[in-house]
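Structure file upload-v1.pdb (PDB, C-alpha atoms (C1' of nucleotides)) is printed below.
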```pdb
ATOM      1  CA  MET A   1      -2.333  -7.303   1.374  1.00  0.00           C
ATOM      2  CA  ARG A   2      -1.932  -5.906  -2.104  1.00  0.00           C
ATOM      3  CA  MET A   3      -5.580  -6.626  -2.773  1.00  0.00           C
ATOM      4  CA  LEU A   4      -6.581  -4.336   0.071  1.00  0.00           C
ATOM      5  CA  THR A   5      -4.059  -1.553  -0.349  1.00  0.00           C
ATOM      6  CA  GLY A   6      -5.491   1.555  -1.861  1.00  0.00           C
ATOM      7  CA  LYS A   7      -6.675   4.675  -0.153  1.00  0.00           C
ATOM      8  CA  TRP A   8     -10.393   3.896  -0.470  1.00  0.00           C
ATOM      9  CA  LYS A   9     -10.588   0.106  -0.655  1.00  0.00           C
ATOM     10  CA  ALA A  10     -11.399  -0.518   2.989  1.00  0.00           C
ATOM     11  CA  GLU A  11     -14.142   2.075   3.087  1.00  0.00           C
ATOM     12  CA  ILE A  12     -15.697   0.827  -0.143  1.00  0.00           C
ATOM     13  CA  LEU A  13     -15.772  -2.715   1.209  1.00  0.00           C
ATOM     14  CA  TRP A  14     -17.246  -1.413   4.452  1.00  0.00           C
ATOM     15  CA  ARG A  15     -20.032   0.392   2.644  1.00  0.00           C
ATOM     16  CA  LEU A  16     -20.841  -2.534   0.407  1.00  0.00           C
ATOM     17  CA  GLY A  17     -20.903  -4.715   3.486  1.00  0.00           C
ATOM     18  CA  HIS A  18     -24.245  -3.165   4.287  1.00  0.00           C
ATOM     19  CA  GLY A  19     -25.724  -4.117   0.956  1.00  0.00           C
ATOM     20  CA  THR A  20     -25.731  -3.527  -2.779  1.00  0.00           C
ATOM     21  CA  MET A  21     -25.092   0.037  -3.863  1.00  0.00           C
ATOM     22  CA  ARG A  22     -25.122   2.002  -7.093  1.00  0.00           C
ATOM     23  CA  PHE A  23     -22.136   3.984  -8.334  1.00  0.00           C
ATOM     24  CA  GLY A  24     -23.672   7.342  -7.389  1.00  0.00           C
ATOM     25  CA  GLU A  25     -24.678   6.079  -3.971  1.00  0.00           C
ATOM     26  CA  LEU A  26     -21.138   5.066  -3.216  1.00  0.00           C
ATOM     27  CA  ARG A  27     -19.791   8.366  -4.461  1.00  0.00           C
ATOM     28  CA  ARG A  28     -22.145  10.326  -2.209  1.00  0.00           C
ATOM     29  CA  ALA A  29     -21.548   7.992   0.723  1.00  0.00           C
ATOM     30  CA  ILE A  30     -17.776   8.421   0.625  1.00  0.00           C
ATOM     31  CA  PRO A  31     -16.870  12.059   1.204  1.00  0.00           C
ATOM     32  CA  GLY A  32     -13.859  13.280  -0.695  1.00  0.00           C
ATOM     33  CA  ILE A  33     -13.612  10.528  -3.259  1.00  0.00           C
ATOM     34  CA  THR A  34     -13.572  11.522  -6.908  1.00  0.00           C
ATOM     35  CA  GLN A  35     -15.316   9.717  -9.742  1.00  0.00           C
ATOM     36  CA  HIS A  36     -11.959   8.739 -11.111  1.00  0.00           C
ATOM     37  CA  MET A  37     -10.776   7.168  -7.867  1.00  0.00           C
ATOM     38  CA  LEU A  38     -14.063   5.414  -7.216  1.00  0.00           C
ATOM     39  CA  THR A  39     -13.918   3.901 -10.681  1.00  0.00           C
ATOM     40  CA  THR A  40     -10.324   2.727 -10.452  1.00  0.00           C
ATOM     41  CA  GLN A  41     -10.650   1.325  -6.950  1.00  0.00           C
ATOM     42  CA  LEU A  42     -13.839  -0.514  -7.846  1.00  0.00           C
ATOM     43  CA  ARG A  43     -12.246  -1.968 -10.973  1.00  0.00           C
ATOM     44  CA  ASP A  44      -9.322  -3.087  -8.876  1.00  0.00           C
ATOM     45  CA  LEU A  45     -11.557  -4.772  -6.310  1.00  0.00           C
ATOM     46  CA  GLU A  46     -13.510  -6.380  -9.135  1.00  0.00           C
ATOM     47  CA  ALA A  47     -10.333  -7.676 -10.747  1.00  0.00           C
ATOM     48  CA  HIS A  48      -9.391  -9.291  -7.450  1.00  0.00           C
ATOM     49  CA  GLY A  49     -12.772 -10.937  -7.115  1.00  0.00           C
ATOM     50  CA  LEU A  50     -13.937  -8.966  -4.104  1.00  0.00           C
ATOM     51  CA  VAL A  51     -16.693  -6.994  -5.791  1.00  0.00           C
ATOM     52  CA  ARG A  52     -19.259  -7.912  -8.401  1.00  0.00           C
ATOM     53  CA  ARG A  53     -20.392  -5.345 -10.937  1.00  0.00           C
ATOM     54  CA  THR A  54     -23.811  -5.647 -12.502  1.00  0.00           C
ATOM     55  CA  ILE A  55     -24.795  -3.449 -15.419  1.00  0.00           C
ATOM     56  CA  TYR A  56     -28.467  -2.868 -16.161  1.00  0.00           C
ATOM     57  CA  PRO A  57     -28.861  -1.769 -19.783  1.00  0.00           C
ATOM     58  CA  GLU A  58     -31.369   0.960 -19.103  1.00  0.00           C
ATOM     59  CA  VAL A  59     -31.720   4.644 -19.769  1.00  0.00           C
ATOM     60  CA  PRO A  60     -30.449   6.248 -17.637  1.00  0.00           C
ATOM     61  CA  PRO A  61     -27.782   3.629 -17.023  1.00  0.00           C
ATOM     62  CA  ARG A  62     -27.705   1.768 -13.732  1.00  0.00           C
ATOM     63  CA  VAL A  63     -24.752  -0.139 -12.319  1.00  0.00           C
ATOM     64  CA  GLU A  64     -24.833  -1.941  -9.020  1.00  0.00           C
ATOM     65  CA  TYR A  65     -21.967  -3.154  -6.879  1.00  0.00           C
ATOM     66  CA  GLU A  66     -22.017  -5.872  -4.261  1.00  0.00           C
ATOM     67  CA  LEU A  67     -19.534  -7.880  -2.252  1.00  0.00           C
ATOM     68  CA  THR A  68     -18.643 -11.369  -3.411  1.00  0.00           C
ATOM     69  CA  PRO A  69     -18.710 -14.274  -0.922  1.00  0.00           C
ATOM     70  CA  SER A  70     -14.939 -14.082  -1.049  1.00  0.00           C
ATOM     71  CA  ALA A  71     -15.021 -10.521   0.258  1.00  0.00           C
ATOM     72  CA  ARG A  72     -17.534 -11.425   2.951  1.00  0.00           C
ATOM     73  CA  ASP A  73     -15.123 -14.049   4.217  1.00  0.00           C
ATOM     74  CA  LEU A  74     -12.713 -11.245   5.000  1.00  0.00           C
ATOM     75  CA  GLY A  75     -14.869 -10.444   8.014  1.00  0.00           C
ATOM     76  CA  PRO A  76     -12.732 -12.398  10.507  1.00  0.00           C
ATOM     77  CA  VAL A  77      -9.613 -10.674   9.205  1.00  0.00           C
ATOM     78  CA  PHE A  78     -11.014  -7.218   9.818  1.00  0.00           C
ATOM     79  CA  ASN A  79     -12.363  -8.419  13.117  1.00  0.00           C
ATOM     80  CA  GLU A  80      -8.889  -9.417  14.293  1.00  0.00           C
ATOM     81  CA  ILE A  81      -7.576  -6.074  13.107  1.00  0.00           C
ATOM     82  CA  ARG A  82     -10.179  -4.353  15.258  1.00  0.00           C
ATOM     83  CA  ILE A  83      -9.283  -6.490  18.263  1.00  0.00           C
ATOM     84  CA  TRP A  84      -5.649  -5.588  17.799  1.00  0.00           C
ATOM     85  CA  SER A  85      -6.281  -1.883  17.338  1.00  0.00           C
ATOM     86  CA  ASP A  86      -8.514  -1.772  20.406  1.00  0.00           C
ATOM     87  CA  LYS A  87      -5.863  -3.448  22.509  1.00  0.00           C
ATOM     88  CA  HIS A  88      -3.143  -1.131  21.300  1.00  0.00           C
ATOM     89  CA  ALA A  89      -5.251   2.006  21.292  1.00  0.00           C
ATOM     90  CA  VAL A  90      -4.804   2.740  17.625  1.00  0.00           C
ATOM     91  CA  ALA A  91      -7.405   5.155  16.330  1.00  0.00           C
ATOM     92  CA  LEU A  92      -9.052   3.701  13.257  1.00  0.00           C
ATOM     93  CA  SER A  93     -10.873   6.207  11.087  1.00  0.00           C
ATOM     94  CA  ARG A  94     -14.005   4.102  11.066  1.00  0.00           C
ATOM     95  CA  PRO A  95     -16.721   5.055   8.592  1.00  0.00           C
ATOM     96  CA  THR A  96     -20.007   5.680  10.417  1.00  0.00           C
TER      97      THR A  96
ATOM     98  CA  MET B   1      -3.285  -1.003   7.365  1.00  0.00           C
ATOM     99  CA  ARG B   2      -0.975   1.926   6.790  1.00  0.00           C
ATOM    100  CA  MET B   3       1.446   0.519   9.336  1.00  0.00           C
ATOM    101  CA  LEU B   4       1.781  -2.646   7.297  1.00  0.00           C
ATOM    102  CA  THR B   5       1.820  -1.180   3.799  1.00  0.00           C
ATOM    103  CA  GLY B   6       5.215  -1.190   2.257  1.00  0.00           C
ATOM    104  CA  LYS B   7       6.630  -3.686  -0.165  1.00  0.00           C
ATOM    105  CA  TRP B   8       8.777  -5.528   2.391  1.00  0.00           C
ATOM    106  CA  LYS B   9       7.053  -4.974   5.732  1.00  0.00           C
ATOM    107  CA  ALA B  10       5.229  -8.295   5.906  1.00  0.00           C
ATOM    108  CA  GLU B  11       8.292 -10.326   5.032  1.00  0.00           C
ATOM    109  CA  ILE B  12      10.463  -8.471   7.536  1.00  0.00           C
ATOM    110  CA  LEU B  13       7.923  -9.119  10.286  1.00  0.00           C
ATOM    111  CA  TRP B  14       7.739 -12.752   9.236  1.00  0.00           C
ATOM    112  CA  ARG B  15      11.496 -13.198   9.458  1.00  0.00           C
ATOM    113  CA  LEU B  16      11.743 -11.475  12.807  1.00  0.00           C
ATOM    114  CA  GLY B  17       8.908 -13.668  14.019  1.00  0.00           C
ATOM    115  CA  HIS B  18      11.440 -16.478  14.177  1.00  0.00           C
ATOM    116  CA  GLY B  19      13.759 -14.541  16.416  1.00  0.00           C
ATOM    117  CA  THR B  20      16.146 -11.635  16.711  1.00  0.00           C
ATOM    118  CA  MET B  21      18.179 -10.887  13.616  1.00  0.00           C
ATOM    119  CA  ARG B  22      21.017  -8.586  12.654  1.00  0.00           C
ATOM    120  CA  PHE B  23      20.841  -6.132   9.778  1.00  0.00           C
ATOM    121  CA  GLY B  24      23.010  -8.217   7.511  1.00  0.00           C
ATOM    122  CA  GLU B  25      21.127 -11.389   8.329  1.00  0.00           C
ATOM    123  CA  LEU B  26      17.882  -9.782   7.283  1.00  0.00           C
ATOM    124  CA  ARG B  27      19.420  -8.436   4.108  1.00  0.00           C
ATOM    125  CA  ARG B  28      20.690 -11.873   3.101  1.00  0.00           C
ATOM    126  CA  ALA B  29      17.439 -13.553   4.155  1.00  0.00           C
ATOM    127  CA  ILE B  30      15.296 -11.334   1.971  1.00  0.00           C
ATOM    128  CA  PRO B  31      16.251 -11.759  -1.674  1.00  0.00           C
ATOM    129  CA  GLY B  32      15.981  -8.651  -3.768  1.00  0.00           C
ATOM    130  CA  ILE B  33      15.849  -6.077  -1.016  1.00  0.00           C
ATOM    131  CA  THR B  34      18.391  -3.294  -1.103  1.00  0.00           C
ATOM    132  CA  GLN B  35      20.158  -1.842   1.896  1.00  0.00           C
ATOM    133  CA  HIS B  36      18.282   1.375   1.380  1.00  0.00           C
ATOM    134  CA  MET B  37      14.897  -0.298   1.415  1.00  0.00           C
ATOM    135  CA  LEU B  38      15.720  -2.494   4.381  1.00  0.00           C
ATOM    136  CA  THR B  39      16.790   0.550   6.329  1.00  0.00           C
ATOM    137  CA  THR B  40      13.745   2.638   5.519  1.00  0.00           C
ATOM    138  CA  GLN B  41      11.251  -0.150   6.103  1.00  0.00           C
ATOM    139  CA  LEU B  42      12.869  -1.056   9.416  1.00  0.00           C
ATOM    140  CA  ARG B  43      12.826   2.578  10.534  1.00  0.00           C
ATOM    141  CA  ASP B  44       9.180   2.763   9.579  1.00  0.00           C
ATOM    142  CA  LEU B  45       8.328  -0.364  11.558  1.00  0.00           C
ATOM    143  CA  GLU B  46      10.325   0.962  14.479  1.00  0.00           C
ATOM    144  CA  ALA B  47       8.480   4.294  14.367  1.00  0.00           C
ATOM    145  CA  HIS B  48       5.192   2.407  14.543  1.00  0.00           C
ATOM    146  CA  GLY B  49       6.320   0.406  17.534  1.00  0.00           C
ATOM    147  CA  LEU B  50       6.444  -2.957  15.791  1.00  0.00           C
ATOM    148  CA  VAL B  51      10.188  -3.474  15.856  1.00  0.00           C
ATOM    149  CA  ARG B  52      12.835  -2.739  18.442  1.00  0.00           C
ATOM    150  CA  ARG B  53      16.315  -1.747  17.380  1.00  0.00           C
ATOM    151  CA  THR B  54      19.259  -2.449  19.642  1.00  0.00           C
ATOM    152  CA  ILE B  55      22.683  -1.013  18.917  1.00  0.00           C
ATOM    153  CA  TYR B  56      25.745  -2.654  20.376  1.00  0.00           C
ATOM    154  CA  PRO B  57      28.600  -0.156  20.455  1.00  0.00           C
ATOM    155  CA  GLU B  58      31.242  -2.533  19.215  1.00  0.00           C
ATOM    156  CA  VAL B  59      33.751  -2.689  16.419  1.00  0.00           C
ATOM    157  CA  PRO B  60      32.609  -3.844  13.975  1.00  0.00           C
ATOM    158  CA  PRO B  61      29.164  -2.432  14.746  1.00  0.00           C
ATOM    159  CA  ARG B  62      26.301  -4.776  15.552  1.00  0.00           C
ATOM    160  CA  VAL B  63      22.627  -3.910  15.390  1.00  0.00           C
ATOM    161  CA  GLU B  64      19.876  -6.340  16.254  1.00  0.00           C
ATOM    162  CA  TYR B  65      16.206  -6.212  15.423  1.00  0.00           C
ATOM    163  CA  GLU B  66      13.359  -7.954  17.190  1.00  0.00           C
ATOM    164  CA  LEU B  67       9.577  -7.837  17.230  1.00  0.00           C
ATOM    165  CA  THR B  68       7.842  -5.888  19.980  1.00  0.00           C
ATOM    166  CA  PRO B  69       4.975  -7.505  21.948  1.00  0.00           C
ATOM    167  CA  SER B  70       2.683  -5.271  19.928  1.00  0.00           C
ATOM    168  CA  ALA B  71       3.904  -6.867  16.712  1.00  0.00           C
ATOM    169  CA  ARG B  72       3.577 -10.346  18.160  1.00  0.00           C
ATOM    170  CA  ASP B  73      -0.066  -9.620  18.889  1.00  0.00           C
ATOM    171  CA  LEU B  74      -0.554  -9.289  15.145  1.00  0.00           C
ATOM    172  CA  GLY B  75      -0.300 -13.074  14.963  1.00  0.00           C
ATOM    173  CA  PRO B  76      -4.072 -13.676  14.945  1.00  0.00           C
ATOM    174  CA  VAL B  77      -4.474 -11.112  12.180  1.00  0.00           C
ATOM    175  CA  PHE B  78      -1.989 -12.858   9.922  1.00  0.00           C
ATOM    176  CA  ASN B  79      -3.467 -16.165  10.915  1.00  0.00           C
ATOM    177  CA  GLU B  80      -6.900 -15.105   9.677  1.00  0.00           C
ATOM    178  CA  ILE B  81      -5.317 -13.854   6.481  1.00  0.00           C
ATOM    179  CA  ARG B  82      -3.792 -17.272   5.983  1.00  0.00           C
ATOM    180  CA  ILE B  83      -7.094 -18.995   6.636  1.00  0.00           C
ATOM    181  CA  TRP B  84      -8.729 -16.746   4.082  1.00  0.00           C
ATOM    182  CA  SER B  85      -6.019 -17.208   1.468  1.00  0.00           C
ATOM    183  CA  ASP B  86      -6.085 -20.978   1.887  1.00  0.00           C
ATOM    184  CA  LYS B  87      -9.832 -21.069   1.439  1.00  0.00           C
ATOM    185  CA  HIS B  88      -9.721 -18.895  -1.661  1.00  0.00           C
ATOM    186  CA  ALA B  89      -6.637 -20.441  -3.154  1.00  0.00           C
ATOM    187  CA  VAL B  90      -4.672 -17.227  -3.226  1.00  0.00           C
ATOM    188  CA  ALA B  91      -0.993 -17.842  -3.705  1.00  0.00           C
ATOM    189  CA  LEU B  92       0.834 -16.015  -0.966  1.00  0.00           C
ATOM    190  CA  SER B  93       4.510 -15.556  -1.649  1.00  0.00           C
ATOM    191  CA  ARG B  94       5.334 -17.084   1.679  1.00  0.00           C
ATOM    192  CA  PRO B  95       8.914 -16.781   2.853  1.00  0.00           C
ATOM    193  CA  THR B  96      10.297 -20.171   3.753  1.00  0.00           C
TER     194      THR B  96
ATOM    195  C1'  DC C   1      28.944  -4.016   9.424  1.00  0.00           C
ATOM    196  C1'  DA C   2      25.366  -1.091   9.062  1.00  0.00           C
ATOM    197  C1'  DG C   3      24.273   2.382   7.537  1.00  0.00           C
ATOM    198  C1'  DC C   4      23.540   7.545   4.976  1.00  0.00           C
ATOM    199  C1'  DA C   5      23.450  10.690   0.664  1.00  0.00           C
ATOM    200  C1'  DT C   6      22.150  11.404  -3.825  1.00  0.00           C
ATOM    201  C1'  DC C   7      19.811  10.838  -7.907  1.00  0.00           C
ATOM    202  C1'  DC C   8      16.406   8.665 -10.717  1.00  0.00           C
ATOM    203  C1'  DT C   9      12.143   5.997 -12.054  1.00  0.00           C
ATOM    204  C1'  DT C  10       7.618   4.387 -11.203  1.00  0.00           C
ATOM    205  C1'  DC C  11       3.209   4.392  -9.361  1.00  0.00           C
ATOM    206  C1'  DG C  12      -0.858   5.823  -6.692  1.00  0.00           C
ATOM    207  C1'  DG C  13      -3.751   9.434  -6.307  1.00  0.00           C
ATOM    208  C1'  DG C  14      -6.101  13.671  -7.823  1.00  0.00           C
ATOM    209  C1'  DA C  15      -8.129  17.777 -10.753  1.00  0.00           C
ATOM    210  C1'  DT C  16     -10.549  18.753 -14.701  1.00  0.00           C
ATOM    211  C1'  DA C  17     -13.101  18.181 -18.832  1.00  0.00           C
ATOM    212  C1'  DC C  18     -15.772  15.406 -21.849  1.00  0.00           C
ATOM    213  C1'  DT C  19     -19.358  11.409 -23.288  1.00  0.00           C
ATOM    214  C1'  DG C  20     -22.718   7.202 -24.430  1.00  0.00           C
TER     215       DG C  20
ATOM    216  C1'  DC D   1     -25.979   8.221 -14.505  1.00  0.00           C
ATOM    217  C1'  DA D   2     -21.788   6.225 -14.758  1.00  0.00           C
ATOM    218  C1'  DG D   3     -18.329   6.497 -16.464  1.00  0.00           C
ATOM    219  C1'  DT D   4     -13.421   7.854 -19.940  1.00  0.00           C
ATOM    220  C1'  DA D   5      -9.567  10.722 -21.238  1.00  0.00           C
ATOM    221  C1'  DT D   6      -5.691  13.843 -19.982  1.00  0.00           C
ATOM    222  C1'  DC D   7      -2.568  15.972 -17.400  1.00  0.00           C
ATOM    223  C1'  DC D   8      -0.208  16.586 -13.081  1.00  0.00           C
ATOM    224  C1'  DC D   9       2.023  15.964  -8.491  1.00  0.00           C
ATOM    225  C1'  DG D  10       4.021  13.772  -4.561  1.00  0.00           C
ATOM    226  C1'  DA D  11       5.381   9.616  -2.482  1.00  0.00           C
ATOM    227  C1'  DA D  12       7.270   5.012  -2.719  1.00  0.00           C
ATOM    228  C1'  DG D  13      10.688   2.334  -4.430  1.00  0.00           C
ATOM    229  C1'  DG D  14      15.312   1.560  -6.387  1.00  0.00           C
ATOM    230  C1'  DA D  15      20.470   2.081  -8.084  1.00  0.00           C
ATOM    231  C1'  DT D  16      24.786   3.551  -6.862  1.00  0.00           C
ATOM    232  C1'  DG D  17      28.537   5.384  -4.193  1.00  0.00           C
ATOM    233  C1'  DC D  18      30.542   6.736   0.154  1.00  0.00           C
ATOM    234  C1'  DT D  19      31.533   6.294   5.481  1.00  0.00           C
ATOM    235  C1'  DG D  20      32.074   5.916  10.899  1.00  0.00           C
TER     236       DG D  20
END
```
Using structure tokens, write down the structure from this file.
Amino acid sequence: MRMLTGKWKAEILWRLGHGTMRFGELRRAIPGITQHMLTTQLRDLEAHGLVRRTIYPEVPPRVEYELTPSARDLGPVFNEIRIWSDKHAVALSRPT
Amino acid sequence: MRMLTGKWKAEILWRLGHGTMRFGELRRAIPGITQHMLTTQLRDLEAHGLVRRTIYPEVPPRVEYELTPSARDLGPVFNEIRIWSDKHAVALSRPT
DNA sequence: CAGCATCCTTCGGGATACTG
DNA sequence: CAGTATCCCGAAGGATGCTG
């Protein structure tokens, strides 16, 4: 649970679930998140082995983020959460 | 997720999963929790419809807590979490 | 027994400015 | 572009004492 707590963690994982993204892409894709928060949440996910960070030593700099296999295995967990929330009519703020 | 965030929520739900418990029983069963925290977390769970609180107007007072059907339906969710944590060798601090 | 009231500390989150 | 560095605020968590 602690690995997933954090205001933006779920949405970040959701976004990365669709494929590799750059830092700026994520920032633009997630309305309301600040650079600071995106950085800290990503570092946290990385530290827990859910996200891989790849730095390309170019100018301008490019950094890509992608889910690890470990994070992809969380699919069934989120799936059960969705089943539960559907059954109990809980409104999830699902990213589109 | 927000319904389950809280330092003691998961353990409280786990304990109540074994059956109805009184306030004092829970407090003794969960090492390290204070009365204040147990109260607030239980009230939070109750507000979210996961725990039912029954007051018996006796002397001395007796209050029992039990899971709601809604909370019991969370079983598959926790089950998937366990499957995931087993596979990835994450040490869950599982209450015995 | 099962709490409520009060006070205090810590932490997550955020705004803003600056940089390799 | 992709960050760091500061400063700040509110909420979560905790310690302690009192009570119907």
Just the residues within 12 Å of Gln35 (chain B), please, counting all atoms listed in the file, with nothing from its chain fewer than 6 positions along; format it as a PyMOL selection string.
(chain B and resi 8+23-28+41-42) or (chain C and resi 1-4) or (chain D and resi 14-16)
Using all atoms listed in the file, find each residue of chain A with at least one atom at most 7 Å away from an atom of chain D; report its shortest atom-to-atom pair and that distance in Å (one decimal), sort the rows by chain and rising residue number, and return the result as CSV.
```
residue,atom,partner,partner_atom,distance
A:Phe23,CA,D:DA2,C1',6.8
A:Pro60,CA,D:DC1,C1',5.8
A:Pro61,CA,D:DC1,C1',5.5
A:Arg62,CA,D:DC1,C1',6.7
```
Any chance you could export the current selection's C-alpha atoms as a PDB file, keeping the file's coordinate frame?
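Saved result, selection.pdb, follows:
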```pdb
ATOM      1  CA  PHE A  23     -22.136   3.984  -8.334  1.00  0.00           C
ATOM      2  CA  PRO A  60     -30.449   6.248 -17.637  1.00  0.00           C
ATOM      3  CA  PRO A  61     -27.782   3.629 -17.023  1.00  0.00           C
ATOM      4  CA  ARG A  62     -27.705   1.768 -13.732  1.00  0.00           C
TER       5      ARG A  62
END
```
Identify every residue of chain A that has at least one atom within 9 Å of any atom of chain C, counting only C-alpha atoms (C1' of nucleotides), and report the result as a tab-separated table (two decimals) with C-alpha atoms, in the frame of the given file.
```tsv
chain	number	residue	atom	x	y	z
A	6	GLY	CA	-5.49	1.56	-1.86
A	7	LYS	CA	-6.68	4.68	-0.15
A	34	THR	CA	-13.57	11.52	-6.91
A	36	HIS	CA	-11.96	8.74	-11.11
A	37	MET	CA	-10.78	7.17	-7.87
```
Chain A post-superposition (all in-order Cα pairs with chain B) as a tab-separated table (two decimals) with C-alpha atoms, in the coordinates of the input:
```
chain	number	residue	atom	x	y	z
A	1	MET	CA	-3.22	-1.12	7.39
A	2	ARG	CA	-0.85	1.75	6.76
A	3	MET	CA	1.51	0.31	9.33
A	4	LEU	CA	1.82	-2.87	7.30
A	5	THR	CA	1.87	-1.47	3.79
A	6	GLY	CA	5.26	-1.47	2.22
A	7	LYS	CA	6.75	-3.94	-0.18
A	8	TRP	CA	8.94	-5.70	2.40
A	9	LYS	CA	7.17	-5.16	5.72
A	10	ALA	CA	5.39	-8.49	5.87
A	11	GLU	CA	8.49	-10.48	5.04
A	12	ILE	CA	10.61	-8.58	7.56
A	13	LEU	CA	8.06	-9.25	10.28
A	14	TRP	CA	7.94	-12.89	9.23
A	15	ARG	CA	11.70	-13.25	9.49
A	16	LEU	CA	11.90	-11.51	12.83
A	17	GLY	CA	9.12	-13.75	14.04
A	18	HIS	CA	11.68	-16.51	14.23
A	19	GLY	CA	13.96	-14.52	16.48
A	20	THR	CA	16.31	-11.57	16.78
A	21	MET	CA	18.36	-10.80	13.70
A	22	ARG	CA	21.17	-8.46	12.75
A	23	PHE	CA	20.94	-6.02	9.86
A	24	GLY	CA	23.19	-8.11	7.61
A	25	GLU	CA	21.32	-11.28	8.44
A	26	LEU	CA	18.07	-9.75	7.37
A	27	ARG	CA	19.60	-8.41	4.19
A	28	ARG	CA	20.95	-11.83	3.24
A	29	ALA	CA	17.73	-13.56	4.27
A	30	ILE	CA	15.55	-11.39	2.05
A	31	PRO	CA	16.55	-11.83	-1.58
A	32	GLY	CA	16.26	-8.74	-3.70
A	33	ILE	CA	16.05	-6.15	-0.97
A	34	THR	CA	18.54	-3.30	-1.05
A	35	GLN	CA	20.27	-1.75	1.94
A	36	HIS	CA	18.31	1.40	1.38
A	37	MET	CA	14.94	-0.35	1.42
A	38	LEU	CA	15.81	-2.52	4.39
A	39	THR	CA	16.81	0.58	6.33
A	40	THR	CA	13.72	2.59	5.47
A	41	GLN	CA	11.28	-0.25	6.07
A	42	LEU	CA	12.89	-1.09	9.40
A	43	ARG	CA	12.78	2.55	10.49
A	44	ASP	CA	9.14	2.66	9.52
A	45	LEU	CA	8.32	-0.47	11.51
A	46	GLU	CA	10.29	0.92	14.43
A	47	ALA	CA	8.41	4.21	14.28
A	48	HIS	CA	5.15	2.29	14.46
A	49	GLY	CA	6.31	0.31	17.46
A	50	LEU	CA	6.47	-3.06	15.75
A	51	VAL	CA	10.22	-3.52	15.83
A	52	ARG	CA	12.84	-2.75	18.43
A	53	ARG	CA	16.31	-1.68	17.38
A	54	THR	CA	19.23	-2.31	19.68
A	55	ILE	CA	22.62	-0.80	18.94
A	56	TYR	CA	25.73	-2.36	20.45
A	57	PRO	CA	28.54	0.20	20.49
A	58	GLU	CA	31.24	-2.14	19.31
A	59	VAL	CA	33.77	-2.29	16.53
A	60	PRO	CA	32.63	-3.51	14.09
A	61	PRO	CA	29.17	-2.14	14.83
A	62	ARG	CA	26.35	-4.52	15.65
A	63	VAL	CA	22.65	-3.73	15.48
A	64	GLU	CA	19.96	-6.21	16.33
A	65	TYR	CA	16.28	-6.15	15.46
A	66	GLU	CA	13.46	-7.95	17.21
A	67	LEU	CA	9.68	-7.90	17.23
A	68	THR	CA	7.90	-5.98	19.97
A	69	PRO	CA	5.06	-7.66	21.91
A	70	SER	CA	2.76	-5.43	19.89
A	71	ALA	CA	3.98	-7.01	16.67
A	72	ARG	CA	3.68	-10.51	18.11
A	73	ASP	CA	0.03	-9.81	18.84
A	74	LEU	CA	-0.49	-9.45	15.11
A	75	GLY	CA	-0.30	-13.23	14.87
A	76	PRO	CA	-4.08	-13.77	14.92
A	77	VAL	CA	-4.50	-11.17	12.19
A	78	PHE	CA	-2.11	-12.92	9.86
A	79	ASN	CA	-3.65	-16.21	10.83
A	80	GLU	CA	-7.09	-15.05	9.69
A	81	ILE	CA	-5.54	-13.78	6.48
A	82	ARG	CA	-4.11	-17.24	5.87
A	83	ILE	CA	-7.45	-18.88	6.58
A	84	TRP	CA	-9.10	-16.56	4.11
A	85	SER	CA	-6.48	-17.03	1.41
A	86	ASP	CA	-6.64	-20.81	1.78
A	87	LYS	CA	-10.40	-20.78	1.41
A	88	HIS	CA	-10.30	-18.56	-1.63
A	89	ALA	CA	-7.26	-20.17	-3.21
A	90	VAL	CA	-5.17	-17.04	-3.27
A	91	ALA	CA	-1.50	-17.79	-3.73
A	92	LEU	CA	0.49	-16.04	-1.03
A	93	SER	CA	4.18	-15.65	-1.76
A	94	ARG	CA	5.12	-17.14	1.57
A	95	PRO	CA	8.75	-16.81	2.66
A	96	THR	CA	10.23	-20.24	3.38
```
Any idea what the distance is between CA of Thr68 (chain B) and CA of Thr54 (chain B)?
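CA of Thr68 (chain B) sits 11.9 Å away from CA of Thr54 (chain B).
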Once 5 Å is added on each side, what are the centre and the three edge lengths, in Å to one decimal, of the axis-aligned box enclosing the listed atoms of region 35-53 of chain A? Present them as AutoDock Vina command-line options.
```
--center_x -14.9 --center_y -0.6 --center_z -7.6 --size_x 21.1 --size_y 30.7 --size_z 17.0
```
Would you write out, as a Markdown table, a table of all residues in chain A that have an atom no more than 10 Å from an atom of chain B, listing for each the closest atom pair and the distance in Å to one decimal, considering all atoms listed in the file and ordering rows by chain and rising residue number?
```
| residue | atom | partner | partner_atom | distance |
| --- | --- | --- | --- | --- |
| A:Met1 | CA | B:Thr5 | CA | 7.8 |
| A:Arg2 | CA | B:Thr5 | CA | 8.4 |
| A:Leu4 | CA | B:Met1 | CA | 8.7 |
| A:Thr5 | CA | B:Thr5 | CA | 7.2 |
| A:Gly6 | CA | B:Thr5 | CA | 9.6 |
| A:Lys7 | CA | B:Arg2 | CA | 9.4 |
| A:Ala10 | CA | B:Met1 | CA | 9.2 |
| A:Ser70 | CA | B:His88 | CA | 7.1 |
| A:Ala71 | CA | B:Trp84 | CA | 9.6 |
| A:Asp73 | CA | B:Trp84 | CA | 6.9 |
| A:Leu74 | CA | B:Trp84 | CA | 6.9 |
| A:Gly75 | CA | B:Glu80 | CA | 9.4 |
| A:Pro76 | CA | B:Glu80 | CA | 6.5 |
| A:Val77 | CA | B:Glu80 | CA | 5.2 |
| A:Phe78 | CA | B:Val77 | CA | 8.0 |
| A:Asn79 | CA | B:Val77 | CA | 8.4 |
| A:Glu80 | CA | B:Val77 | CA | 5.2 |
| A:Ile81 | CA | B:Val77 | CA | 6.0 |
| A:Arg82 | CA | B:Val77 | CA | 9.4 |
| A:Ile83 | CA | B:Val77 | CA | 9.0 |
| A:Trp84 | CA | B:Leu74 | CA | 6.8 |
| A:Ser85 | CA | B:Leu74 | CA | 9.6 |
| A:Lys87 | CA | B:Ser70 | CA | 9.1 |
| A:His88 | CA | B:Ser70 | CA | 7.3 |
| A:Leu92 | CA | B:Met1 | CA | 9.5 |
```
